[in-house]
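File shown: query.cif (mmCIF, C-alpha atoms).
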```cif
data_start
#
loop_
_atom_site.group_PDB
_atom_site.id
_atom_site.type_symbol
_atom_site.label_atom_id
_atom_site.label_comp_id
_atom_site.auth_asym_id
_atom_site.auth_seq_id
_atom_site.Cartn_x
_atom_site.Cartn_y
_atom_site.Cartn_z
ATOM 1 C CA MET A 19 4.997 11.053 -29.352
ATOM 2 C CA ARG A 20 7.340 14.001 -29.176
ATOM 3 C CA LYS A 21 6.641 14.823 -25.589
ATOM 4 C CA GLY A 22 7.737 11.447 -24.410
ATOM 5 C CA ASP A 23 11.131 12.145 -25.854
ATOM 6 C CA ALA A 24 11.513 14.954 -23.366
ATOM 7 C CA ALA A 25 12.060 12.418 -20.647
ATOM 8 C CA GLY A 26 15.472 11.741 -22.055
ATOM 9 C CA GLY A 27 16.750 15.081 -20.848
ATOM 10 C CA ARG A 28 17.194 18.093 -23.058
ATOM 11 C CA GLY A 29 17.595 20.888 -20.592
ATOM 12 C CA PRO A 30 19.646 23.875 -21.646
ATOM 13 C CA GLY A 31 22.500 23.216 -19.303
ATOM 14 C CA SER A 32 20.738 24.100 -16.132
ATOM 15 C CA GLY A 33 19.223 20.738 -15.446
ATOM 16 C CA SER A 34 15.955 22.432 -16.068
ATOM 17 C CA ALA A 35 13.019 21.253 -18.012
ATOM 18 C CA SER A 36 14.294 17.843 -18.924
ATOM 19 C CA ASP A 37 11.037 16.257 -18.007
ATOM 20 C CA ALA A 38 8.642 18.917 -19.089
ATOM 21 C CA GLY A 39 5.404 17.370 -20.048
ATOM 22 C CA ARG A 40 6.351 14.256 -18.244
ATOM 23 C CA GLY A 41 2.949 13.455 -16.910
ATOM 24 C CA PRO A 42 1.835 9.895 -17.225
ATOM 25 C CA GLY A 43 0.472 10.568 -20.660
ATOM 26 C CA ALA A 44 3.667 12.073 -21.909
ATOM 27 C CA ALA A 45 5.939 9.539 -20.340
ATOM 28 C CA SER A 46 4.513 6.599 -22.124
ATOM 29 C CA GLY A 47 5.396 8.025 -25.473
ATOM 30 C CA ALA A 48 8.970 6.986 -24.877
ATOM 31 C CA GLY A 49 9.032 4.648 -27.776
ATOM 32 C CA GLU A 50 7.875 1.573 -25.923
ATOM 33 C CA GLY A 51 4.995 1.018 -28.267
ATOM 34 C CA SER A 52 2.394 1.604 -25.629
ATOM 35 C CA GLY A 53 -0.535 3.986 -25.815
ATOM 36 C CA PRO A 54 -0.244 7.638 -24.905
ATOM 37 C CA ASP A 55 -1.632 7.079 -21.443
ATOM 38 C CA ALA A 56 -0.171 3.707 -20.695
ATOM 39 C CA VAL A 57 1.611 4.802 -17.553
ATOM 40 C CA ALA A 58 -1.491 6.504 -16.207
ATOM 41 C CA GLU A 59 -3.507 3.396 -16.950
ATOM 42 C CA VAL A 60 -0.978 1.193 -15.221
ATOM 43 C CA LEU A 61 -0.850 3.422 -12.147
ATOM 44 C CA SER A 62 -4.607 3.461 -12.024
ATOM 45 C CA ALA A 63 -4.849 -0.294 -12.411
ATOM 46 C CA LEU A 64 -2.215 -0.906 -9.743
ATOM 47 C CA ALA A 65 -3.791 1.561 -7.349
ATOM 48 C CA ASP A 66 -6.305 -1.048 -6.281
ATOM 49 C CA PRO A 67 -4.958 -3.486 -3.669
ATOM 50 C CA THR A 68 -7.178 -6.305 -4.892
ATOM 51 C CA ARG A 69 -5.756 -5.966 -8.352
ATOM 52 C CA ARG A 70 -2.235 -6.076 -6.940
ATOM 53 C CA ARG A 71 -3.120 -9.292 -5.151
ATOM 54 C CA ILE A 72 -4.520 -10.716 -8.351
ATOM 55 C CA LEU A 73 -1.265 -9.887 -10.120
ATOM 56 C CA ASP A 74 0.716 -11.479 -7.311
ATOM 57 C CA ALA A 75 -1.377 -14.622 -7.524
ATOM 58 C CA LEU A 76 -1.039 -14.745 -11.286
ATOM 59 C CA ALA A 77 2.710 -14.270 -11.051
ATOM 60 C CA ALA A 78 2.888 -17.114 -8.537
ATOM 61 C CA HIS A 79 0.802 -19.431 -10.709
ATOM 62 C CA GLY A 80 2.248 -18.492 -14.035
ATOM 63 C CA GLU A 81 -1.273 -18.812 -15.391
ATOM 64 C CA ALA A 82 -4.651 -18.996 -13.736
ATOM 65 C CA THR A 83 -8.354 -18.736 -14.421
ATOM 66 C CA ALA A 84 -10.764 -16.415 -12.648
ATOM 67 C CA THR A 85 -12.188 -19.424 -10.842
ATOM 68 C CA VAL A 86 -8.812 -20.402 -9.427
ATOM 69 C CA LEU A 87 -8.123 -16.814 -8.364
ATOM 70 C CA ALA A 88 -11.519 -16.516 -6.708
ATOM 71 C CA ALA A 89 -10.813 -19.636 -4.683
ATOM 72 C CA GLU A 90 -7.631 -18.044 -3.365
ATOM 73 C CA LEU A 91 -8.671 -14.480 -2.781
ATOM 74 C CA PRO A 92 -11.500 -13.141 -0.652
ATOM 75 C CA VAL A 93 -13.284 -11.797 -3.702
ATOM 76 C CA SER A 94 -16.098 -13.181 -5.805
ATOM 77 C CA ARG A 95 -15.368 -14.683 -9.176
ATOM 78 C CA GLN A 96 -17.467 -11.967 -10.730
ATOM 79 C CA ALA A 97 -15.304 -9.285 -9.120
ATOM 80 C CA ILE A 98 -12.149 -11.098 -10.216
ATOM 81 C CA VAL A 99 -13.388 -11.080 -13.801
ATOM 82 C CA LYS A 100 -14.005 -7.359 -13.581
ATOM 83 C CA HIS A 101 -10.551 -6.685 -12.144
ATOM 84 C CA LEU A 102 -8.948 -8.874 -14.788
ATOM 85 C CA GLY A 103 -10.712 -6.735 -17.367
ATOM 86 C CA VAL A 104 -9.127 -3.594 -15.948
ATOM 87 C CA LEU A 105 -5.711 -5.255 -15.800
ATOM 88 C CA ASP A 106 -6.160 -6.484 -19.348
ATOM 89 C CA ARG A 107 -7.035 -3.030 -20.679
ATOM 90 C CA ALA A 108 -4.018 -1.615 -18.885
ATOM 91 C CA GLY A 109 -1.888 -4.190 -20.674
ATOM 92 C CA LEU A 110 -0.808 -5.875 -17.457
ATOM 93 C CA VAL A 111 -2.344 -9.285 -18.094
ATOM 94 C CA ALA A 112 -3.364 -11.267 -21.132
ATOM 95 C CA GLY A 113 -5.893 -14.045 -21.339
ATOM 96 C CA HIS A 114 -6.384 -16.874 -23.761
ATOM 97 C CA ARG A 115 -9.141 -19.389 -23.942
ATOM 98 C CA GLU A 116 -8.425 -22.963 -23.169
ATOM 99 C CA GLY A 117 -11.535 -25.048 -22.767
ATOM 100 C CA ARG A 118 -14.351 -23.341 -20.924
ATOM 101 C CA GLU A 119 -12.488 -20.560 -19.177
ATOM 102 C CA ALA A 120 -9.888 -17.982 -20.098
ATOM 103 C CA ARG A 121 -6.486 -18.414 -18.514
ATOM 104 C CA TYR A 122 -4.568 -15.274 -17.608
ATOM 105 C CA ARG A 123 -0.905 -14.480 -17.180
ATOM 106 C CA VAL A 124 1.099 -11.373 -16.241
ATOM 107 C CA ILE A 125 2.548 -9.229 -19.015
ATOM 108 C CA PRO A 126 5.590 -7.523 -17.469
ATOM 109 C CA GLU A 127 6.471 -4.931 -20.123
ATOM 110 C CA ARG A 128 4.257 -2.104 -18.968
ATOM 111 C CA LEU A 129 5.216 -2.630 -15.370
ATOM 112 C CA GLY A 130 8.785 -2.058 -16.459
ATOM 113 C CA VAL A 131 7.786 1.064 -18.376
ATOM 114 C CA THR A 132 6.007 2.394 -15.316
ATOM 115 C CA ALA A 133 8.901 1.642 -12.986
ATOM 116 C CA ARG A 134 11.291 3.404 -15.338
ATOM 117 C CA TRP A 135 8.967 6.393 -15.559
ATOM 118 C CA MET A 136 8.930 6.714 -11.776
ATOM 119 C CA ASP A 137 12.703 6.475 -11.765
ATOM 120 C CA ARG A 138 12.910 9.273 -14.305
ATOM 121 C CA VAL A 139 10.690 11.522 -12.222
ATOM 122 C CA ALA A 140 12.980 10.926 -9.250
ATOM 123 C CA ALA A 141 16.124 11.443 -11.342
ATOM 124 C CA ALA A 142 14.747 14.711 -12.720
ATOM 125 C CA TRP A 143 14.428 15.985 -9.159
ATOM 126 C CA ASP A 144 17.996 14.992 -8.396
ATOM 127 C CA THR A 145 19.075 17.042 -11.390
ATOM 128 C CA ARG A 146 17.028 20.052 -10.307
ATOM 129 C CA LEU A 147 18.214 19.844 -6.714
ATOM 130 C CA SER A 148 21.791 19.823 -7.964
ATOM 131 C CA ALA A 149 21.058 22.928 -10.024
ATOM 132 C CA ILE A 150 19.553 24.636 -6.971
ATOM 133 C CA LYS A 151 22.617 23.666 -4.953
ATOM 134 C CA ARG A 152 24.962 25.131 -7.555
ATOM 135 C CA LEU A 153 22.983 28.357 -7.692
ATOM 136 C CA ALA A 154 22.787 28.683 -3.921
ATOM 137 C CA GLU A 155 26.447 27.912 -3.327
ATOM 138 C CA GLY A 156 27.790 29.815 -6.289
ATOM 139 C CA GLU A 157 26.905 33.287 -5.126
ATOM 140 C CA MET B 1 -14.780 -0.369 -2.637
ATOM 141 C CA SER B 2 -12.869 0.472 0.464
ATOM 142 C CA THR B 3 -9.196 -0.042 0.819
ATOM 143 C CA ASP B 4 -7.493 -0.877 4.038
ATOM 144 C CA SER B 5 -4.194 0.628 3.125
ATOM 145 C CA ASN B 6 -5.050 4.285 2.816
ATOM 146 C CA ARG B 7 -3.312 6.200 5.530
ATOM 147 C CA HIS B 8 -3.417 9.930 5.865
ATOM 148 C CA GLU B 9 -0.872 10.471 8.552
ATOM 149 C CA ASP B 10 0.451 13.547 6.822
ATOM 150 C CA GLY B 11 -2.757 15.142 5.751
ATOM 151 C CA GLY B 12 -1.676 18.730 6.298
ATOM 152 C CA ALA B 13 -0.793 19.425 2.724
ATOM 153 C CA GLY B 14 -3.696 17.535 1.275
ATOM 154 C CA ALA B 15 -1.275 15.363 -0.587
ATOM 155 C CA GLY B 16 -3.308 12.251 -0.041
ATOM 156 C CA ASP B 17 -1.715 9.001 0.786
ATOM 157 C CA ALA B 18 1.582 9.095 2.611
ATOM 158 C CA HIS B 19 3.170 6.702 0.152
ATOM 159 C CA ASP B 20 1.988 8.448 -2.969
ATOM 160 C CA ARG B 21 5.169 10.389 -3.343
ATOM 161 C CA ILE B 22 8.717 10.745 -4.470
ATOM 162 C CA GLU B 23 11.152 12.244 -1.981
ATOM 163 C CA ARG B 24 14.580 13.643 -2.634
ATOM 164 C CA GLU B 25 17.021 15.538 -0.417
ATOM 165 C CA ILE B 26 20.239 17.430 -0.814
ATOM 166 C CA SER B 27 22.658 19.241 1.491
ATOM 167 C CA ILE B 28 23.567 22.743 0.439
ATOM 168 C CA ALA B 29 26.436 24.819 1.804
ATOM 169 C CA ALA B 30 24.420 28.010 1.938
ATOM 170 C CA PRO B 31 22.067 29.495 4.523
ATOM 171 C CA VAL B 32 18.338 28.779 4.275
ATOM 172 C CA GLU B 33 17.569 32.362 3.244
ATOM 173 C CA ARG B 34 19.848 31.956 0.249
ATOM 174 C CA VAL B 35 18.280 28.632 -0.738
ATOM 175 C CA TRP B 36 14.842 30.176 -0.290
ATOM 176 C CA ALA B 37 15.803 32.921 -2.716
ATOM 177 C CA VAL B 38 16.957 30.393 -5.297
ATOM 178 C CA LEU B 39 13.691 28.510 -4.939
ATOM 179 C CA THR B 40 11.397 31.477 -5.265
ATOM 180 C CA GLU B 41 13.011 34.415 -7.077
ATOM 181 C CA PRO B 42 12.219 34.853 -10.759
ATOM 182 C CA GLU B 43 15.780 34.873 -12.097
ATOM 183 C CA HIS B 44 16.715 31.753 -10.159
ATOM 184 C CA VAL B 45 13.538 29.822 -10.898
ATOM 185 C CA GLY B 46 14.040 30.605 -14.551
ATOM 186 C CA SER B 47 17.489 29.108 -14.283
ATOM 187 C CA TRP B 48 16.846 25.851 -12.482
ATOM 188 C CA PHE B 49 13.396 25.121 -13.780
ATOM 189 C CA GLY B 50 12.942 27.158 -16.902
ATOM 190 C CA GLN B 51 14.778 28.216 -20.002
ATOM 191 C CA GLY B 52 17.255 30.470 -18.262
ATOM 192 C CA GLU B 53 15.278 33.689 -18.522
ATOM 193 C CA PRO B 54 13.653 35.148 -15.419
ATOM 194 C CA THR B 55 10.203 33.686 -15.016
ATOM 195 C CA PRO B 56 7.095 35.339 -13.544
ATOM 196 C CA VAL B 57 6.539 34.326 -9.933
ATOM 197 C CA ASP B 58 3.508 35.633 -8.066
ATOM 198 C CA LEU B 59 4.803 34.566 -4.672
ATOM 199 C CA ARG B 60 1.656 34.073 -2.619
ATOM 200 C CA PRO B 61 -0.763 31.204 -2.036
ATOM 201 C CA GLY B 62 -2.896 30.948 -5.154
ATOM 202 C CA GLY B 63 -0.341 32.868 -7.193
ATOM 203 C CA ILE B 64 0.995 31.565 -10.473
ATOM 204 C CA MET B 65 4.607 30.654 -11.128
ATOM 205 C CA GLU B 66 5.232 30.219 -14.834
ATOM 206 C CA LEU B 67 7.668 27.564 -15.857
ATOM 207 C CA ASP B 68 8.747 28.010 -19.450
ATOM 208 C CA HIS B 69 9.646 24.711 -21.022
ATOM 209 C CA GLY B 70 10.236 26.083 -24.469
ATOM 210 C CA GLU B 71 8.678 24.006 -27.189
ATOM 211 C CA TYR B 72 6.864 21.935 -24.593
ATOM 212 C CA GLY B 73 4.897 24.938 -23.491
ATOM 213 C CA GLN B 74 4.265 27.077 -20.477
ATOM 214 C CA PHE B 75 3.447 25.344 -17.248
ATOM 215 C CA LEU B 76 1.271 27.450 -14.989
ATOM 216 C CA THR B 77 2.061 26.111 -11.569
ATOM 217 C CA LYS B 78 -0.147 27.282 -8.764
ATOM 218 C CA ILE B 79 1.564 28.220 -5.538
ATOM 219 C CA VAL B 80 0.046 26.561 -2.501
ATOM 220 C CA LYS B 81 2.170 27.533 0.457
ATOM 221 C CA VAL B 82 4.644 30.343 1.072
ATOM 222 C CA ASP B 83 6.218 30.186 4.511
ATOM 223 C CA PRO B 84 9.692 31.721 4.245
ATOM 224 C CA PRO B 85 12.292 30.459 4.611
ATOM 225 C CA HIS B 86 11.199 26.935 5.434
ATOM 226 C CA HIS B 87 8.220 25.830 3.366
ATOM 227 C CA PHE B 88 7.302 26.414 -0.244
ATOM 228 C CA SER B 89 4.888 24.351 -2.298
ATOM 229 C CA TYR B 90 3.064 24.467 -5.582
ATOM 230 C CA ARG B 91 1.004 22.316 -7.902
ATOM 231 C CA TRP B 92 2.189 21.623 -11.386
ATOM 232 C CA ALA B 93 0.414 19.959 -14.235
ATOM 233 C CA GLY B 94 3.319 18.256 -15.955
ATOM 234 C CA ALA B 95 1.129 16.673 -18.599
ATOM 235 C CA HIS B 96 -1.000 19.732 -19.299
ATOM 236 C CA PRO B 97 0.974 22.670 -20.675
ATOM 237 C CA GLY B 98 -0.985 25.904 -20.759
ATOM 238 C CA GLU B 99 -3.434 24.759 -18.119
ATOM 239 C CA VAL B 100 -3.440 26.166 -14.625
ATOM 240 C CA ALA B 101 -2.530 23.433 -12.204
ATOM 241 C CA VAL B 102 -5.459 22.374 -10.082
ATOM 242 C CA GLU B 103 -6.291 19.251 -8.180
ATOM 243 C CA GLY B 104 -6.930 16.510 -10.676
ATOM 244 C CA ASN B 105 -4.436 17.537 -13.340
ATOM 245 C CA SER B 106 -1.369 18.075 -11.230
ATOM 246 C CA THR B 107 1.003 16.826 -8.605
ATOM 247 C CA LEU B 108 1.966 18.705 -5.452
ATOM 248 C CA VAL B 109 5.589 19.747 -5.083
ATOM 249 C CA GLU B 110 6.663 20.644 -1.544
ATOM 250 C CA PHE B 111 10.024 22.036 -0.556
ATOM 251 C CA THR B 112 11.205 21.955 3.034
ATOM 252 C CA LEU B 113 14.319 23.867 4.078
ATOM 253 C CA THR B 114 15.983 22.941 7.345
ATOM 254 C CA GLU B 115 19.010 24.550 8.976
ATOM 255 C CA GLU B 116 21.937 22.159 9.040
ATOM 256 C CA GLY B 117 24.915 23.760 10.717
ATOM 257 C CA ASP B 118 25.781 26.734 8.521
ATOM 258 C CA GLY B 119 24.047 25.124 5.619
ATOM 259 C CA THR B 120 20.667 23.862 4.552
ATOM 260 C CA ARG B 121 19.026 20.530 4.094
ATOM 261 C CA LEU B 122 16.632 20.849 1.182
ATOM 262 C CA ARG B 123 13.949 18.237 0.786
ATOM 263 C CA VAL B 124 11.483 17.986 -2.057
ATOM 264 C CA VAL B 125 8.413 15.793 -2.086
ATOM 265 C CA GLU B 126 6.329 15.359 -5.206
ATOM 266 C CA SER B 127 3.051 13.626 -4.507
ATOM 267 C CA GLY B 128 -0.361 12.959 -5.912
ATOM 268 C CA PHE B 129 0.550 10.859 -8.941
ATOM 269 C CA THR B 130 -2.309 8.500 -8.372
ATOM 270 C CA GLY B 131 -4.728 11.424 -8.366
ATOM 271 C CA LEU B 132 -3.825 12.432 -11.894
ATOM 272 C CA ARG B 133 -6.750 12.218 -14.200
ATOM 273 C CA ILE B 134 -6.739 10.351 -17.418
ATOM 274 C CA PRO B 135 -8.110 12.398 -20.298
ATOM 275 C CA GLU B 136 -11.803 11.806 -21.008
ATOM 276 C CA ASP B 137 -11.421 9.759 -24.143
ATOM 277 C CA ARG B 138 -9.083 7.346 -22.428
ATOM 278 C CA THR B 139 -11.333 7.041 -19.439
ATOM 279 C CA LYS B 140 -14.065 5.773 -21.651
ATOM 280 C CA THR B 141 -11.991 3.161 -23.411
ATOM 281 C CA ALA B 142 -10.384 2.090 -20.183
ATOM 282 C CA GLY B 143 -13.735 1.720 -18.538
ATOM 283 C CA TYR B 144 -12.744 2.976 -15.136
ATOM 284 C CA GLU B 145 -15.750 3.353 -12.954
ATOM 285 C CA SER B 146 -14.474 5.557 -10.218
ATOM 286 C CA HIS B 147 -12.112 8.074 -11.681
ATOM 287 C CA SER B 148 -13.712 11.160 -10.310
ATOM 288 C CA ALA B 149 -12.976 9.860 -6.848
ATOM 289 C CA GLY B 150 -9.278 9.856 -7.596
ATOM 290 C CA TRP B 151 -6.984 6.907 -7.441
ATOM 291 C CA SER B 152 -6.355 5.392 -4.090
ATOM 292 C CA GLY B 153 -2.983 3.961 -4.776
ATOM 293 C CA GLN B 154 0.432 4.384 -3.378
ATOM 294 C CA VAL B 155 2.879 5.440 -6.001
ATOM 295 C CA GLU B 156 6.080 4.662 -4.188
ATOM 296 C CA ASN B 157 4.795 1.229 -3.308
ATOM 297 C CA ILE B 158 3.610 0.820 -6.851
ATOM 298 C CA ARG B 159 7.021 1.735 -8.196
ATOM 299 C CA ARG B 160 8.726 -0.850 -6.028
ATOM 300 C CA TYR B 161 6.049 -3.335 -6.815
ATOM 301 C CA ALA B 162 6.314 -2.745 -10.534
ATOM 302 C CA GLU B 163 10.082 -3.118 -10.422
ATOM 303 C CA GLN B 164 9.819 -6.325 -8.488
ATOM 304 C CA LEU B 165 7.148 -7.817 -10.705
ATOM 305 C CA ALA B 166 8.875 -6.752 -13.902
ATOM 306 C CA ALA B 167 12.200 -8.166 -12.789
#
```

If you took the structure in this file and wrote it as C-alpha cells, what would it be?
Amino acid sequence: MRKGDAAGGRGPGSGSASDAGRGPGAASGAGEGSGPDAVAEVLSALADPTRRRILDALAAHGEATATVLAAELPVSRQAIVKHLGVLDRAGLVAGHREGREARYRVIPERLGVTARWMDRVAAAWDTRLSAIKRLAEGE
Amino acid sequence: MSTDSNRHEDGGAGAGDAHDRIEREISIAAPVERVWAVLTEPEHVGSWFGQGEPTPVDLRPGGIMELDHGEYGQFLTKIVKVDPPHHFSYRWAGAHPGEVAVEGNSTLVEFTLTEEGDGTRLRVVESGFTGLRIPEDRTKTAGYESHSAGWSGQVENIRRYAEQLAA
C-alpha cells in the first residue's frame, strides 16, 4: 500500500516524482479499501462501450435485472450477464437475488476513485510543467 | 467484439485512441531551444522529474532515460522520438519500477514545443492508459478474456463518465 501514498505528492521541492509508481495498480492503494489493481480493473471494465451503456441503464433504473437490460439494449441476455460479471468483479455493480433473478445496481465508489486518480495524473503534469517553466525561465 | 467508437485520427505516434489521453499545456517565456534543453538534458531532467541529481539520458530513439524516484525505484523510460526542438516523446512504466518501458506496461508521454512570440507553448500528452496490462494474477481473478488485445477504451471519456456517474 505504500506506493499509493505517493500520489499525495512528496517531491523534493522540484515538483518531481510526486506520482512515481502511480500506475493503476499503485493508485488504488490510496487508502480507499479497494484492491491493488482496482483502478486498472475499473478502466478495463469501462473501456467497453456496451458495459458503459449497461451502467447508464442501471443508473437510470436504480436497479434492474439482466432480462430488463437485455430488453433495452441491443445485446443478448447472455451477453448482459457476462458484462455484469465483469462489472461486478470490478466493483462497479452489485447484485442481490430477489425471486428468480438477480437485481443489479451501480456502486459509485470505485468510479469516484478512478476519476480522482485521473485527476491526480493530470495534476502531476501541471506540477511538472510548472517546474519546467521555472527552470526554462530562470536561466 | 467490435467497437464503433475507436478512432485513430492521430495514429502517428501509435498512441491508440485519440481520447485515451491527458493533455496539459503551459506558456513559457523562454525560446524553444531553452525549453528543449530543460526537457532533455540530464541535469534538468533530474531536477524536474527526478531527485535533483543529474539523470542518465541516452537521447536517441530507443535510448533509455532513467528517472530516479528514490524509494519508489528507478523508472527506465524508453525514448521514442527525438526531433529537436519541437518533438520529444518517451514511454514510461509508472507502475513498474525497474522495468524497461515497453508497450503493454507503459504510457506514452509526448512533448510538443511550439514557438509563441519570443516564448514557447509546451504541450504534453500522456496516452495509452487503457493499454496498460493488469498483472497476471489479477487477470485471472478478473476473468478478462481479451487482455492481450489491449483495452479499447477512451480514458478521457472514461474520466468524465466516471465523474458524472459518481456524482

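One finds CA of Ala65 in chain A at 26.8 Å from CA of Phe75 in chain B.
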
Where is the centre and how long are the edges: axis-aligned box on range 43-46 of chain B, 5 Å on each side, Å to one decimal, as JSON:
```
{"center_x": 15.1, "center_y": 32.3, "center_z": -12.4, "size_x": 13.2, "size_y": 15.1, "size_z": 14.4}
```

Determine, counting all atoms listed in the file, every residue of protein, DNA or RNA that lies within 10 Å of (8.5, 34.8, -11.5) in the file coordinates, then give the result as a ChimeraX atom specification. /B:40-46,53-59,64-67

Output file for the residues above (C-alpha atoms, as a short mmCIF file (atom, residue, chain, number, x, y, z; two decimals), in the frame of the given file):
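And here's result_25.cif as it stands now:
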```cif
data_model
loop_
_atom_site.label_atom_id
_atom_site.label_comp_id
_atom_site.auth_asym_id
_atom_site.auth_seq_id
_atom_site.Cartn_x
_atom_site.Cartn_y
_atom_site.Cartn_z
CA THR B 40 11.40 31.48 -5.26
CA GLU B 41 13.01 34.42 -7.08
CA PRO B 42 12.22 34.85 -10.76
CA GLU B 43 15.78 34.87 -12.10
CA HIS B 44 16.72 31.75 -10.16
CA VAL B 45 13.54 29.82 -10.90
CA GLY B 46 14.04 30.60 -14.55
CA GLU B 53 15.28 33.69 -18.52
CA PRO B 54 13.65 35.15 -15.42
CA THR B 55 10.20 33.69 -15.02
CA PRO B 56 7.10 35.34 -13.54
CA VAL B 57 6.54 34.33 -9.93
CA ASP B 58 3.51 35.63 -8.07
CA LEU B 59 4.80 34.57 -4.67
CA ILE B 64 1.00 31.56 -10.47
CA MET B 65 4.61 30.65 -11.13
CA GLU B 66 5.23 30.22 -14.83
CA LEU B 67 7.67 27.56 -15.86
#
```

When you look at range 109-124 of chain B with a cut-off of 10 Å (counting only C-alpha atoms), what residues show up, excluding the ones that are within fewer than 4 positions of it in the same chain? I need them as a PyMOL selection string. (chain A and resi 143-144+147+150-151+154-155) or (chain B and resi 13+15+21-36+39+77+79-81+83-92+128)

Residues of the last selection are to be written out with C-alpha atoms, as a PDB file, in the frame of the given file.
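Result went into again_20.pdb, see below:
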```pdb
ATOM      1  CA  TRP A 143      14.428  15.985  -9.159  1.00  0.00           C
ATOM      2  CA  ASP A 144      17.996  14.992  -8.396  1.00  0.00           C
ATOM      3  CA  LEU A 147      18.214  19.844  -6.714  1.00  0.00           C
ATOM      4  CA  ILE A 150      19.553  24.636  -6.971  1.00  0.00           C
ATOM      5  CA  LYS A 151      22.617  23.666  -4.953  1.00  0.00           C
ATOM      6  CA  ALA A 154      22.787  28.683  -3.921  1.00  0.00           C
ATOM      7  CA  GLU A 155      26.447  27.912  -3.327  1.00  0.00           C
TER       8      GLU A 155
ATOM      9  CA  ALA B  13      -0.793  19.425   2.724  1.00  0.00           C
ATOM     10  CA  ALA B  15      -1.275  15.363  -0.587  1.00  0.00           C
ATOM     11  CA  ARG B  21       5.169  10.389  -3.343  1.00  0.00           C
ATOM     12  CA  ILE B  22       8.717  10.745  -4.470  1.00  0.00           C
ATOM     13  CA  GLU B  23      11.152  12.244  -1.981  1.00  0.00           C
ATOM     14  CA  ARG B  24      14.580  13.643  -2.634  1.00  0.00           C
ATOM     15  CA  GLU B  25      17.021  15.538  -0.417  1.00  0.00           C
ATOM     16  CA  ILE B  26      20.239  17.430  -0.814  1.00  0.00           C
ATOM     17  CA  SER B  27      22.658  19.241   1.491  1.00  0.00           C
ATOM     18  CA  ILE B  28      23.567  22.743   0.439  1.00  0.00           C
ATOM     19  CA  ALA B  29      26.436  24.819   1.804  1.00  0.00           C
ATOM     20  CA  ALA B  30      24.420  28.010   1.938  1.00  0.00           C
ATOM     21  CA  PRO B  31      22.067  29.495   4.523  1.00  0.00           C
ATOM     22  CA  VAL B  32      18.338  28.779   4.275  1.00  0.00           C
ATOM     23  CA  GLU B  33      17.569  32.362   3.244  1.00  0.00           C
ATOM     24  CA  ARG B  34      19.848  31.956   0.249  1.00  0.00           C
ATOM     25  CA  VAL B  35      18.280  28.632  -0.738  1.00  0.00           C
ATOM     26  CA  TRP B  36      14.842  30.176  -0.290  1.00  0.00           C
ATOM     27  CA  LEU B  39      13.691  28.510  -4.939  1.00  0.00           C
ATOM     28  CA  THR B  77       2.061  26.111 -11.569  1.00  0.00           C
ATOM     29  CA  ILE B  79       1.564  28.220  -5.538  1.00  0.00           C
ATOM     30  CA  VAL B  80       0.046  26.561  -2.501  1.00  0.00           C
ATOM     31  CA  LYS B  81       2.170  27.533   0.457  1.00  0.00           C
ATOM     32  CA  ASP B  83       6.218  30.186   4.511  1.00  0.00           C
ATOM     33  CA  PRO B  84       9.692  31.721   4.245  1.00  0.00           C
ATOM     34  CA  PRO B  85      12.292  30.459   4.611  1.00  0.00           C
ATOM     35  CA  HIS B  86      11.199  26.935   5.434  1.00  0.00           C
ATOM     36  CA  HIS B  87       8.220  25.830   3.366  1.00  0.00           C
ATOM     37  CA  PHE B  88       7.302  26.414  -0.244  1.00  0.00           C
ATOM     38  CA  SER B  89       4.888  24.351  -2.298  1.00  0.00           C
ATOM     39  CA  TYR B  90       3.064  24.467  -5.582  1.00  0.00           C
ATOM     40  CA  ARG B  91       1.004  22.316  -7.902  1.00  0.00           C
ATOM     41  CA  TRP B  92       2.189  21.623 -11.386  1.00  0.00           C
ATOM     42  CA  GLY B 128      -0.361  12.959  -5.912  1.00  0.00           C
TER      43      GLY B 128
END
```

Looking at A:Ala78, A:Leu87, A:Val60, A:Leu102, which one is nearest to Glu127 in chain A, with distances taken over all atoms listed in the file? A:Val60

CA of Glu99 in chain B and CA of Phe49 in chain B, how far apart in Å?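 One can read the CA of Phe49 in chain B to CA of Glu99 in chain B distance as 17.4 Å.
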